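S.K.: Dropping in structure_8.cif, with mmCIF, C-alpha atoms.
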```cif
data_protein
loop_
_atom_site.label_atom_id
_atom_site.label_comp_id
_atom_site.auth_asym_id
_atom_site.auth_seq_id
_atom_site.Cartn_x
_atom_site.Cartn_y
_atom_site.Cartn_z
CA MET Y 27 -6.08 32.00 -3.13
CA THR Y 28 -7.24 32.90 0.39
CA ARG Y 29 -9.83 30.45 1.62
CA THR Y 30 -13.17 31.41 3.05
CA VAL Y 31 -13.81 29.70 6.38
CA TYR Y 32 -16.81 29.57 8.68
CA VAL Y 33 -16.46 30.74 12.28
CA ASN Y 34 -19.37 31.02 14.70
CA GLY Y 35 -21.98 32.05 12.17
CA GLU Y 36 -19.82 34.05 9.77
CA TYR Y 37 -18.00 33.36 6.51
CA VAL Y 38 -14.65 35.14 6.73
CA PRO Y 39 -11.26 35.06 4.96
CA GLU Y 40 -8.94 32.58 6.68
CA THR Y 41 -6.53 35.43 7.46
CA GLU Y 42 -9.23 37.13 9.52
CA ALA Y 43 -10.57 34.05 11.33
CA LYS Y 44 -10.35 34.24 15.13
CA VAL Y 45 -11.47 32.22 18.12
CA SER Y 46 -11.18 33.09 21.82
CA ILE Y 47 -8.16 31.98 23.84
CA PHE Y 48 -10.73 30.77 26.39
CA ASP Y 49 -12.37 28.35 23.96
CA ARG Y 50 -12.48 25.00 25.76
CA ALA Y 51 -11.26 23.11 22.72
CA PHE Y 52 -8.07 25.16 22.93
CA LEU Y 53 -7.69 24.76 26.69
CA MET Y 54 -9.22 21.32 27.36
CA ALA Y 55 -9.59 19.55 23.98
CA ASP Y 56 -13.29 19.89 24.84
CA GLY Y 57 -14.62 19.58 21.33
CA VAL Y 58 -15.65 17.12 18.64
CA TYR Y 59 -14.91 17.06 14.93
CA GLU Y 60 -15.72 15.46 11.61
CA VAL Y 61 -14.04 15.43 8.20
CA THR Y 62 -16.19 15.03 5.11
CA SER Y 63 -14.59 14.24 1.77
CA VAL Y 64 -15.40 16.14 -1.40
CA ILE Y 65 -15.16 14.57 -4.86
CA ASP Y 66 -16.24 16.43 -8.00
CA GLY Y 67 -17.55 19.19 -5.76
CA LYS Y 68 -19.90 16.82 -3.92
CA LEU Y 69 -20.00 15.74 -0.27
CA VAL Y 70 -19.30 12.05 0.34
CA ASP Y 71 -21.16 10.25 3.16
CA PHE Y 72 -22.40 13.52 4.66
CA ASP Y 73 -25.38 11.87 6.38
CA GLY Y 74 -23.12 9.35 8.10
CA HIS Y 75 -20.80 12.07 9.39
CA ALA Y 76 -23.75 14.16 10.55
CA LYS Y 77 -25.21 11.21 12.46
CA ARG Y 78 -21.88 10.42 14.14
CA LEU Y 79 -21.47 14.10 15.02
CA GLU Y 80 -24.84 14.06 16.77
CA ARG Y 81 -23.77 10.97 18.72
CA SER Y 82 -20.45 12.51 19.79
CA LEU Y 83 -22.22 15.67 20.95
CA SER Y 84 -24.80 13.65 22.86
CA GLU Y 85 -22.17 11.51 24.60
CA LEU Y 86 -20.41 14.67 25.81
CA GLU Y 87 -23.66 16.51 26.65
CA MET Y 88 -22.70 19.25 24.21
CA ARG Y 89 -25.13 21.33 22.19
CA ASN Y 90 -25.04 21.68 18.43
CA PRO Y 91 -25.20 25.39 17.54
CA VAL Y 92 -26.80 24.63 14.15
CA THR Y 93 -29.36 22.22 12.74
CA MET Y 94 -28.25 19.42 10.43
CA ASP Y 95 -29.96 21.14 7.50
CA GLU Y 96 -28.01 24.32 8.28
CA LEU Y 97 -24.82 22.31 8.59
CA LEU Y 98 -25.34 20.80 5.14
CA GLU Y 99 -25.87 24.27 3.66
CA ILE Y 100 -22.70 25.56 5.33
CA HIS Y 101 -20.73 22.68 3.83
CA ARG Y 102 -22.17 23.35 0.39
CA GLU Y 103 -21.53 27.07 0.67
CA LEU Y 104 -17.89 26.51 1.59
CA VAL Y 105 -17.45 24.17 -1.38
CA LYS Y 106 -18.94 26.85 -3.62
CA ARG Y 107 -17.03 29.82 -2.19
CA ASN Y 108 -13.70 27.98 -2.32
CA ASP Y 109 -14.35 26.33 -5.69
CA LEU Y 110 -13.44 23.00 -4.14
CA GLU Y 111 -13.45 20.05 -6.54
CA GLU Y 112 -11.55 17.46 -4.51
CA GLY Y 113 -10.46 17.43 -0.88
CA GLY Y 114 -12.44 17.77 2.30
CA ILE Y 115 -14.16 19.90 4.90
CA TYR Y 116 -13.07 19.95 8.52
CA LEU Y 117 -15.79 20.68 11.08
CA GLN Y 118 -15.23 21.33 14.78
CA ILE Y 119 -17.79 22.04 17.48
CA THR Y 120 -16.60 23.07 20.95
CA ARG Y 121 -18.23 23.66 24.32
CA GLY Y 122 -17.61 27.35 23.77
CA ALA Y 123 -15.58 30.10 25.37
CA PRO Y 124 -16.50 30.96 28.98
CA ALA Y 125 -15.09 34.06 30.68
CA ASP Y 126 -12.23 32.13 32.25
CA ARG Y 127 -10.58 28.70 32.43
CA ASP Y 128 -12.35 26.16 34.63
CA PHE Y 129 -12.49 22.37 34.72
CA ALA Y 130 -16.25 22.49 35.28
CA TRP Y 131 -18.36 22.82 32.15
CA PRO Y 132 -20.03 26.19 31.57
CA ASP Y 133 -23.81 26.52 31.51
CA PRO Y 134 -24.79 26.02 27.83
CA ASP Y 135 -27.59 28.58 28.29
CA GLU Y 136 -24.95 31.17 29.09
CA VAL Y 137 -22.02 30.00 26.94
CA PRO Y 138 -22.96 28.97 23.38
CA SER Y 139 -21.10 26.21 21.58
CA GLY Y 140 -18.41 27.27 19.14
CA ILE Y 141 -18.29 26.06 15.54
CA VAL Y 142 -15.56 26.23 12.91
CA LEU Y 143 -15.37 24.80 9.39
CA PHE Y 144 -12.72 25.05 6.69
CA THR Y 145 -11.97 23.36 3.38
CA PHE Y 146 -8.75 21.76 2.19
CA ALA Y 147 -7.76 20.69 -1.31
CA LYS Y 148 -6.23 17.22 -1.63
CA LYS Y 149 -5.99 14.43 -4.18
CA LEU Y 150 -8.22 11.65 -2.92
CA VAL Y 151 -9.08 9.49 -5.92
CA GLU Y 152 -5.64 9.34 -7.54
CA MET Y 153 -3.50 9.22 -4.40
CA PRO Y 154 0.13 8.34 -5.29
CA SER Y 155 0.41 5.97 -2.31
CA ILE Y 156 -2.32 3.70 -3.67
CA LYS Y 157 0.15 2.26 -6.20
CA THR Y 158 2.78 1.51 -3.57
CA GLY Y 159 0.72 0.90 -0.44
CA ILE Y 160 1.77 2.11 3.00
CA LYS Y 161 4.01 0.73 5.74
CA VAL Y 162 2.91 0.66 9.37
CA ILE Y 163 4.47 -0.06 12.74
CA SER Y 164 2.75 -1.29 15.89
CA ILE Y 165 2.64 0.76 19.10
CA PRO Y 166 0.88 0.37 22.47
CA ASP Y 167 -2.59 1.94 22.58
CA GLU Y 168 -2.32 4.50 25.36
CA ARG Y 169 -5.40 6.60 24.65
CA TRP Y 170 -8.39 7.14 26.93
CA SER Y 171 -11.14 4.51 26.87
CA ARG Y 172 -13.85 6.45 24.98
CA ARG Y 173 -12.35 6.23 21.50
CA ASP Y 174 -15.84 5.94 20.00
CA ILE Y 175 -16.31 9.68 20.56
CA LYS Y 176 -14.58 11.70 17.85
CA THR Y 177 -12.96 14.32 20.06
CA THR Y 178 -10.22 16.81 19.29
CA GLN Y 179 -7.82 15.25 21.83
CA LEU Y 180 -5.47 13.76 19.26
CA LEU Y 181 -2.08 14.08 20.93
CA TYR Y 182 -1.34 10.36 21.19
CA PRO Y 183 -2.45 9.54 17.61
CA SER Y 184 -0.23 12.41 16.43
CA TRP Y 185 2.62 11.02 18.51
CA GLY Y 186 2.03 7.59 16.98
CA LYS Y 187 2.16 9.04 13.48
CA MET Y 188 5.50 10.66 14.27
CA MET Y 189 6.87 7.39 15.74
CA ALA Y 190 6.06 5.77 12.41
CA LYS Y 191 7.69 8.54 10.40
CA LYS Y 192 10.87 8.33 12.46
CA LYS Y 193 11.10 4.67 11.40
CA GLY Y 194 10.56 5.49 7.74
CA CYS Y 195 6.95 4.28 7.79
CA ASP Y 196 3.61 5.93 7.11
CA ASP Y 197 1.38 5.09 10.05
CA ALA Y 198 1.00 3.09 13.26
CA TRP Y 199 -1.48 0.43 14.32
CA MET Y 200 -2.25 0.57 18.02
CA VAL Y 201 -2.25 -2.60 20.10
CA GLU Y 202 -4.03 -3.29 23.38
CA GLU Y 203 -4.00 -6.60 25.28
CA GLY Y 204 -2.25 -8.27 22.36
CA VAL Y 205 -4.69 -7.28 19.62
CA VAL Y 206 -4.98 -4.41 17.17
CA THR Y 207 -7.46 -1.65 17.97
CA GLU Y 208 -7.04 0.73 15.00
CA GLY Y 209 -4.66 3.04 13.18
CA THR Y 210 -3.82 6.55 14.33
CA SER Y 211 -6.55 8.05 12.15
CA ASN Y 212 -8.18 5.04 10.51
CA ASN Y 213 -9.72 1.61 10.99
CA ALA Y 214 -7.53 -1.47 10.39
CA TYR Y 215 -8.26 -4.65 8.41
CA ILE Y 216 -6.63 -7.84 7.20
CA VAL Y 217 -7.68 -10.13 4.35
CA LYS Y 218 -7.51 -13.94 4.29
CA GLY Y 219 -8.70 -15.41 1.02
CA ASN Y 220 -12.19 -14.02 0.45
CA THR Y 221 -12.61 -12.93 4.08
CA ILE Y 222 -12.19 -9.40 5.40
CA ILE Y 223 -11.38 -9.21 9.11
CA THR Y 224 -11.68 -6.12 11.29
CA ARG Y 225 -12.27 -5.39 14.97
CA ALA Y 226 -15.89 -5.25 16.11
CA LEU Y 227 -17.39 -1.91 17.14
CA SER Y 228 -17.18 -0.90 20.80
CA ASN Y 229 -15.97 2.04 22.88
CA ASP Y 230 -12.42 0.88 22.04
CA ILE Y 231 -12.43 2.15 18.44
CA LEU Y 232 -13.94 4.90 16.36
CA HIS Y 233 -17.10 3.89 14.55
CA GLY Y 234 -15.77 4.76 11.10
CA ILE Y 235 -18.22 6.11 8.54
CA THR Y 236 -16.05 4.82 5.70
CA ARG Y 237 -15.73 1.53 7.60
CA ALA Y 238 -19.50 1.04 7.65
CA ALA Y 239 -19.83 1.76 3.94
CA VAL Y 240 -16.88 -0.42 2.89
CA LEU Y 241 -18.12 -3.42 4.90
CA ARG Y 242 -21.60 -3.03 3.42
CA PHE Y 243 -20.23 -2.85 -0.11
CA ALA Y 244 -17.91 -5.79 0.59
CA GLU Y 245 -20.81 -8.04 1.59
CA GLU Y 246 -22.79 -6.92 -1.46
CA ALA Y 247 -19.78 -7.92 -3.58
CA GLN Y 248 -19.88 -11.42 -2.01
CA PHE Y 249 -16.91 -11.01 0.31
CA LYS Y 250 -17.17 -12.56 3.76
CA VAL Y 251 -16.79 -10.15 6.68
CA GLU Y 252 -15.62 -11.18 10.15
CA GLU Y 253 -15.73 -8.58 12.93
CA ARG Y 254 -13.25 -9.93 15.47
CA ASP Y 255 -9.91 -9.26 17.12
CA PHE Y 256 -6.62 -10.00 15.38
CA SER Y 257 -3.00 -9.68 16.44
CA ILE Y 258 -0.01 -8.16 14.69
CA ALA Y 259 1.34 -11.68 14.16
CA GLU Y 260 -1.87 -12.74 12.42
CA ALA Y 261 -1.80 -9.59 10.32
CA GLN Y 262 1.75 -10.30 9.20
CA GLU Y 263 0.63 -13.71 7.94
CA ALA Y 264 -2.46 -12.37 6.12
CA ASP Y 265 -2.86 -12.22 2.35
CA GLU Y 266 -3.53 -8.49 2.47
CA ALA Y 267 -4.07 -5.62 4.88
CA PHE Y 268 -5.62 -2.19 4.49
CA ILE Y 269 -7.03 0.83 6.30
CA THR Y 270 -10.10 2.98 5.76
CA SER Y 271 -10.84 6.61 6.57
CA ALA Y 272 -12.75 9.55 5.15
CA THR Y 273 -9.76 10.91 3.22
CA THR Y 274 -7.96 7.69 2.28
CA PHE Y 275 -11.07 5.60 1.43
CA VAL Y 276 -9.41 2.17 1.19
CA GLN Y 277 -5.62 2.28 1.44
CA PRO Y 278 -3.52 -0.91 1.05
CA VAL Y 279 -0.99 -1.76 3.75
CA VAL Y 280 2.05 -3.65 2.42
CA GLU Y 281 4.28 -3.91 5.49
CA ILE Y 282 3.79 -4.22 9.26
CA ASP Y 283 6.75 -3.93 11.62
CA GLY Y 284 9.12 -4.70 8.75
CA ALA Y 285 7.29 -7.83 7.56
CA ALA Y 286 5.87 -7.77 4.04
CA ILE Y 287 2.16 -8.54 3.80
CA GLY Y 288 1.30 -11.05 1.08
CA THR Y 289 3.28 -10.15 -2.02
CA GLY Y 290 4.46 -6.90 -0.49
CA LYS Y 291 2.35 -4.99 -2.99
CA PRO Y 292 -1.23 -3.60 -2.89
CA GLY Y 293 -3.59 -6.58 -3.06
CA ASP Y 294 -6.46 -7.22 -5.44
CA VAL Y 295 -9.12 -7.25 -2.71
CA SER Y 296 -8.01 -3.91 -1.27
CA LEU Y 297 -7.88 -2.25 -4.68
CA ARG Y 298 -11.26 -3.69 -5.68
CA LEU Y 299 -12.89 -2.47 -2.47
CA ARG Y 300 -11.45 0.97 -3.11
CA GLU Y 301 -12.94 1.04 -6.62
CA ILE Y 302 -16.33 -0.09 -5.33
CA TYR Y 303 -16.34 2.45 -2.51
CA ILE Y 304 -15.57 5.40 -4.78
CA GLU Y 305 -18.04 4.30 -7.42
CA GLU Y 306 -20.90 3.65 -5.00
CA SER Y 307 -20.28 6.65 -2.75
CA LEU Y 308 -20.42 9.07 -5.66
CA LYS Y 309 -23.93 7.81 -6.45
CA THR Y 310 -25.22 9.26 -3.18
CA ALA Y 311 -22.84 12.22 -2.78
CA LYS Y 312 -24.56 15.55 -2.09
#
```
Rewrite the structure from the file as structure tokens, please.

M.R.:
Amino acid sequence: MTRTVYVNGEYVPETEAKVSIFDRAFLMADGVYEVTSVIDGKLVDFDGHAKRLERSLSELEMRNPVTMDELLEIHRELVKRNDLEEGGIYLQITRGAPADRDFAWPDPDEVPSGIVLFTFAKKLVEMPSIKTGIKVISIPDERWSRRDIKTTQLLYPSWGKMMAKKKGCDDAWMVEEGVVTEGTSNNAYIVKGNTIITRALSNDILHGITRAAVLRFAEEAQFKVEERDFSIAEAQEADEAFITSATTFVQPVVEIDGAAIGTGKPGDVSLRLREIYIEESLKTAK
């Protein structure tokens, strides 16, 4: 079935969707994005994604071409038109398409922001990898310093993902000054006993929407949470490790740089947090 996508104010078949070759996201990675999960036809954590989107736009002095109420309706309309039960919606807002390429930003009064959304179907709740866990490698973090802004400049994370695949692994954890920052498209955690450890928020990592929810649910479930740095060596000695993101929720990590974590199988804490996240998030899904 041909999907219906949303491009600059219009719902069009994906085969007819077009954007200008002068769009700054295409030429300069001058754009921001969000991915919102869909379960049972409902949007998960939409408000959190909308709030982070506003922050990213503000940090880059970029205008939102729609209101948040309009954005919610566009999401819902795409779910309806594409009969989406489980998967996600990708949203991208760019600084627009000026008449020619230039490093200087165009006047937003003259060049409107661009906006694109599309749906994708994917198994999120019953992911096959949940039973086996994933394997990660460590790589140097060579990204720019404003990782808290969710921009479309994803070349290095993509490169990191491919480095992992070439080694027969699933993902990479990035390391800076001896400690883990995050995964290529996710936040990273280790578990010691009843304590969940993850890096504190700063400009060095993305402020994950799933991260915020999982940590809140973890504390409500009487787990202890420590927001601090940890090294690969400490992670390899942990009882468990896991990642979080909008489309993986909570995903167990069973191996880091060839060393098995804990029993080498998905741990009880990781799996329990995943259950809690899905159960609680569906209560507020839109």

S.K.: Just checking: using all atoms listed in the file, which residue out of Y:Pro154, Y:Pro166, Y:Gly35, Y:Gly140 ends up closest to Ile100 in chain Y?

M.R.: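 Nearest candidate to Ile100 in chain Y out of Y:Pro154, Y:Pro166, Y:Gly35, Y:Gly140: Y:Gly35.
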
S.K.: Nearest residue to Leu69 in chain Y out of Y:Arg173, Y:Lys192, Y:Arg81, Y:His101, using all atoms listed in the file?

M.R.: Y:His101

S.K.: Applied to the shown file, which residues does the PyMOL selection byres ((chain Y and resi 155) around 12) return, written as a PyMOL selection string?

M.R.: chain Y and resi 149-154+156-161+196+274+276-280+291-292+297

S.K.: Determine, counting all atoms listed in the file, which protein, DNA and RNA residues have an atom within 7 Å of an atom of Trp199 in chain Y; residues of the same chain fewer than 3 positions away are not included. Present the result as a PyMOL selection string.

M.R.: chain Y and resi 162-165+206+208-210

S.K.: Find the residues with any atom within 12 Å of (-4.6, -10.6, 9.3); use only C-alpha atoms and the coordinates as given in the file, and write the answer as number ranges by chain.

M.R.: Y: 205-206, 214-219, 221-225, 252-268, 279-282, 287-288

S.K.: Can you tell me, as a VMD selection string, what residues are no more than 8 Å from range 119-129 of chain Y when counting only C-alpha atoms, ignoring any on the same chain fewer than 5 positions away?

M.R.: chain Y and resid 46 to 51 53 56 to 59 88 to 90 134 137 to 142

S.K.: Output: range 59-85 of chain Y of the preceding structure, restricted to N, CA, C and O atoms, written as a CSV table (one decimal), in the first residue's frame.

M.R.:
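Saved as part35.csv:
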```
chain,number,residue,atom,x,y,z
Y,59,TYR,N,14.4,17.0,14.1
Y,59,TYR,CA,13.4,15.9,13.9
Y,59,TYR,C,13.0,15.3,15.2
Y,59,TYR,O,13.6,15.5,16.2
Y,60,GLU,N,11.9,14.6,15.1
Y,60,GLU,CA,11.4,13.8,16.2
Y,60,GLU,C,10.8,12.5,15.7
Y,60,GLU,O,10.3,12.5,14.5
Y,61,VAL,N,10.8,11.5,16.5
Y,61,VAL,CA,10.1,10.2,16.1
Y,61,VAL,C,9.2,9.8,17.3
Y,61,VAL,O,9.6,9.7,18.4
Y,62,THR,N,7.9,9.7,17.0
Y,62,THR,CA,6.9,9.4,18.0
Y,62,THR,C,6.4,8.0,17.7
Y,62,THR,O,6.0,7.7,16.6
Y,63,SER,N,6.4,7.1,18.7
Y,63,SER,CA,5.9,5.7,18.5
Y,63,SER,C,4.4,5.7,18.5
Y,63,SER,O,3.7,6.5,19.1
Y,64,VAL,N,3.9,4.7,17.8
Y,64,VAL,CA,2.5,4.4,17.8
Y,64,VAL,C,2.2,3.0,18.2
Y,64,VAL,O,2.8,2.0,17.7
Y,65,ILE,N,1.4,2.8,19.2
Y,65,ILE,CA,1.0,1.5,19.6
Y,65,ILE,C,-0.6,1.4,19.7
Y,65,ILE,O,-1.2,2.3,20.2
Y,66,ASP,N,-1.1,0.4,19.1
Y,66,ASP,CA,-2.6,0.3,19.0
Y,66,ASP,C,-3.2,1.5,18.4
Y,66,ASP,O,-4.3,2.0,18.9
Y,67,GLY,N,-2.5,2.1,17.5
Y,67,GLY,CA,-3.1,3.3,16.8
Y,67,GLY,C,-3.0,4.6,17.6
Y,67,GLY,O,-3.6,5.6,17.2
Y,68,LYS,N,-2.3,4.6,18.7
Y,68,LYS,CA,-2.2,5.7,19.6
Y,68,LYS,C,-0.7,6.2,19.7
Y,68,LYS,O,0.2,5.5,19.6
Y,69,LEU,N,-0.6,7.6,19.9
Y,69,LEU,CA,0.7,8.2,20.0
Y,69,LEU,C,1.3,8.1,21.4
Y,69,LEU,O,0.6,8.5,22.3
Y,70,VAL,N,2.5,7.6,21.5
Y,70,VAL,CA,3.1,7.5,22.8
Y,70,VAL,C,4.0,8.7,23.1
Y,70,VAL,O,4.9,9.0,22.3
Y,71,ASP,N,3.8,9.3,24.3
Y,71,ASP,CA,4.7,10.4,24.7
Y,71,ASP,C,4.7,11.5,23.7
Y,71,ASP,O,5.7,12.2,23.6
Y,72,PHE,N,3.6,11.8,23.1
Y,72,PHE,CA,3.6,12.9,22.1
Y,72,PHE,C,3.9,14.3,22.7
Y,72,PHE,O,4.7,15.0,22.2
Y,73,ASP,N,3.4,14.5,23.9
Y,73,ASP,CA,3.7,15.8,24.6
Y,73,ASP,C,5.1,16.0,24.8
Y,73,ASP,O,5.7,17.1,24.7
Y,74,GLY,N,5.8,14.9,25.2
Y,74,GLY,CA,7.3,15.0,25.5
Y,74,GLY,C,8.0,15.4,24.2
Y,74,GLY,O,8.9,16.2,24.2
Y,75,HIS,N,7.7,14.7,23.1
Y,75,HIS,CA,8.3,14.9,21.9
Y,75,HIS,C,8.1,16.4,21.4
Y,75,HIS,O,8.9,17.0,20.8
Y,76,ALA,N,6.8,16.8,21.5
Y,76,ALA,CA,6.5,18.2,21.1
Y,76,ALA,C,7.2,19.2,21.9
Y,76,ALA,O,7.7,20.2,21.3
Y,77,LYS,N,7.4,19.0,23.2
Y,77,LYS,CA,8.2,19.9,24.0
Y,77,LYS,C,9.6,20.0,23.6
Y,77,LYS,O,10.2,21.0,23.6
Y,78,ARG,N,10.2,18.8,23.4
Y,78,ARG,CA,11.6,18.7,23.0
Y,78,ARG,C,11.8,19.4,21.6
Y,78,ARG,O,12.8,20.1,21.3
Y,79,LEU,N,10.8,19.2,20.7
Y,79,LEU,CA,10.9,19.8,19.4
Y,79,LEU,C,10.9,21.3,19.5
Y,79,LEU,O,11.7,22.0,18.9
Y,80,GLU,N,10.1,21.9,20.4
Y,80,GLU,CA,10.1,23.3,20.6
Y,80,GLU,C,11.4,23.8,21.1
Y,80,GLU,O,11.9,24.9,20.7
Y,81,ARG,N,12.0,23.0,22.0
Y,81,ARG,CA,13.4,23.4,22.5
Y,81,ARG,C,14.4,23.4,21.4
Y,81,ARG,O,15.2,24.3,21.3
Y,82,SER,N,14.4,22.3,20.6
Y,82,SER,CA,15.4,22.2,19.5
Y,82,SER,C,15.2,23.4,18.5
Y,82,SER,O,16.2,24.0,18.1
Y,83,LEU,N,14.0,23.7,18.2
Y,83,LEU,CA,13.7,24.9,17.3
Y,83,LEU,C,14.2,26.2,17.9
Y,83,LEU,O,14.9,27.0,17.2
Y,84,SER,N,14.0,26.3,19.2
Y,84,SER,CA,14.4,27.6,19.9
Y,84,SER,C,15.9,27.7,19.9
Y,84,SER,O,16.4,28.8,19.7
Y,85,GLU,N,16.6,26.6,20.2
Y,85,GLU,CA,18.0,26.6,20.3
Y,85,GLU,C,18.7,27.0,19.0
Y,85,GLU,O,19.7,27.6,18.9
```
